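Read the structure below first, then the notes.
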Amino acid sequence: MKIKICGIKTAEAARAVEKFGADYIGCIFYAKSKRYIAPEIAAEILRPLTIKKVGVFVNESAEIVNAIAEKVGLDYVQLHGSETAEYAEKICRPIIKAYRYGDGFSVDAANNFPCEFILVDSFVAGAAGGTGKSFDWRNSAQEILKITKPVFIAGGISINNFVEAAEIFKPYALDVSGSLEIDGVKSAAKIENFLREVRRYH
């Protein structure tokens, strides 16, 4: 099981993500997010790292997405809005397509979307993601397990519940963000503790 730590805004947190063994690091390029980071700052933070880099976008123009991906050195683009398959064909990086469970979620749509990975997040009305809330894992599992692509599970993942998520979904990856923060800022110590617990579980 892989781990993605998302919403990184500082070099200290980014170094901890790589040092303690996460598989993916994510930065958010959606201006309305409290975890938004300017592309030029993200480039400074991410370019020295060898970990797989993900940029999160919400209904952004394909031209801007591709320009930021090039500037920052992204390995993957995560689409967290209502992007279409036609839009996805214009993106110059492999895609992680995010769906919010409960927001008209469709297994068929997920399976047919032109992407490498599917990410399932919690649905909270008016929020694109990053709410820190879990969806109903047990009642959704039967449906989500029909997704044929590798799946990331997101939404409220923490050191206290990641084992439950791992055992219900057997996912390709868990995506973690808010539970690793203190006062809205990623904590290197929390990142270290979480990743050590994950590796102990493995």
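For the structure tokens, the naming scheme is as follows: chains receive sequential letters (A, B, ...) according to their order of presentation, residues are indexed from 1 within each chain, and ligands are indexed from 1 in presentation order.
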If you run DSSP on the backbone, which residues of range 13-89 of chain A are strand (DSSP E or B), as a compact mmCIF listing (two decimals) with N, CA and C atoms, in the first residue's frame?
# COMPACT_ATOMS: atom_id res chain seq x y z
N TYR A 24 4.18 9.39 -2.58
CA TYR A 24 3.76 10.52 -3.40
C TYR A 24 3.65 11.75 -2.50
N ILE A 25 3.97 12.90 -3.09
CA ILE A 25 3.81 14.17 -2.39
C ILE A 25 2.91 15.07 -3.25
N GLY A 26 1.95 15.74 -2.61
CA GLY A 26 1.01 16.54 -3.36
C GLY A 26 1.01 18.01 -2.96
N CYS A 27 0.88 18.86 -3.96
CA CYS A 27 0.69 20.30 -3.74
C CYS A 27 -0.60 20.72 -4.44
N ILE A 28 -1.28 21.68 -3.84
CA ILE A 28 -2.60 22.09 -4.33
C ILE A 28 -2.51 23.43 -5.04
N TYR A 36 -3.58 26.07 -0.72
CA TYR A 36 -3.02 26.53 -2.00
C TYR A 36 -1.56 26.94 -1.85
N LYS A 52 7.66 10.89 -6.08
CA LYS A 52 6.68 11.21 -7.12
C LYS A 52 5.85 12.43 -6.71
N LYS A 53 5.76 13.39 -7.63
CA LYS A 53 5.12 14.67 -7.33
C LYS A 53 3.76 14.79 -8.03
N VAL A 54 2.77 15.22 -7.25
CA VAL A 54 1.40 15.34 -7.75
C VAL A 54 0.93 16.78 -7.56
N GLY A 55 0.30 17.32 -8.59
CA GLY A 55 -0.33 18.63 -8.48
C GLY A 55 -1.83 18.49 -8.56
N VAL A 56 -2.55 19.15 -7.64
CA VAL A 56 -4.02 19.04 -7.57
C VAL A 56 -4.64 20.29 -8.20
N PHE A 57 -5.58 20.06 -9.12
CA PHE A 57 -6.24 21.14 -9.84
C PHE A 57 -7.75 20.92 -9.83
N TYR A 76 2.48 13.63 -11.85
CA TYR A 76 1.06 13.36 -12.04
C TYR A 76 0.26 14.63 -11.84
N VAL A 77 -0.87 14.69 -12.55
CA VAL A 77 -1.85 15.76 -12.37
C VAL A 77 -3.10 15.12 -11.77
N GLN A 78 -3.56 15.66 -10.63
CA GLN A 78 -4.79 15.18 -9.99
C GLN A 78 -5.92 16.14 -10.31
N LEU A 79 -6.95 15.63 -10.96
CA LEU A 79 -8.10 16.45 -11.36
C LEU A 79 -9.20 16.25 -10.34
Checklist entry - Which residues, written as a PyMOL selection string, have at least one atom at most 8 Å from Ile118 in chain A, with only C-alpha atoms counted and residues fewer than 6 positions away on the same chain left out? => result chain A and resi 96-99+110+149-152
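Across range 65-151 of chain A, DSSP run on the backbone finds helix (DSSP H, G or I) at Val65, Asn66, Ala67, Ile68, Ala69, Glu70, Lys71, Val72, Ala85, Glu86, Tyr87, Ala88, Val107, Asp108, Ala109, Ala110, Asn111, Asn112, Trp137, Arg138, Asn139, Ser140, Ala141, Gln142, Glu143 and Ile144 of chain A.
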Which neighbours of Ala38 in chain A fall inside 10 Å, counting only C-alpha atoms, when residues of the same chain fewer than 6 positions from it are skipped, and could you give them as a short mmCIF file (atom, residue, chain, number, x, y, z; two decimals) with N, CA and C atoms, in the first residue's frame?
data_model
loop_
_atom_site.label_atom_id
_atom_site.label_comp_id
_atom_site.auth_asym_id
_atom_site.auth_seq_id
_atom_site.Cartn_x
_atom_site.Cartn_y
_atom_site.Cartn_z
N LYS A 9 3.10 22.69 1.84
CA LYS A 9 3.35 24.12 1.58
C LYS A 9 4.74 24.58 2.02
N CYS A 27 0.88 18.86 -3.96
CA CYS A 27 0.69 20.30 -3.74
C CYS A 27 -0.60 20.72 -4.44
N ILE A 28 -1.28 21.68 -3.84
CA ILE A 28 -2.60 22.09 -4.33
C ILE A 28 -2.51 23.43 -5.04
N PHE A 29 -2.92 23.42 -6.30
CA PHE A 29 -2.88 24.63 -7.12
C PHE A 29 -4.30 25.13 -7.42
N TYR A 30 -5.13 25.07 -6.40
CA TYR A 30 -6.51 25.56 -6.49
C TYR A 30 -6.61 26.74 -5.55
N ALA A 31 -6.79 27.93 -6.11
CA ALA A 31 -6.65 29.18 -5.34
C ALA A 31 -7.62 29.28 -4.17
N ILE A 68 1.97 24.62 -15.38
CA ILE A 68 2.39 24.43 -13.99
C ILE A 68 3.08 23.07 -13.83
#
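Using only C-alpha atoms, the nearest neighbour of Ile3 in chain A within the list A:Glu18, A:Glu60, A:Asp103, A:Glu181 is A:Glu18.
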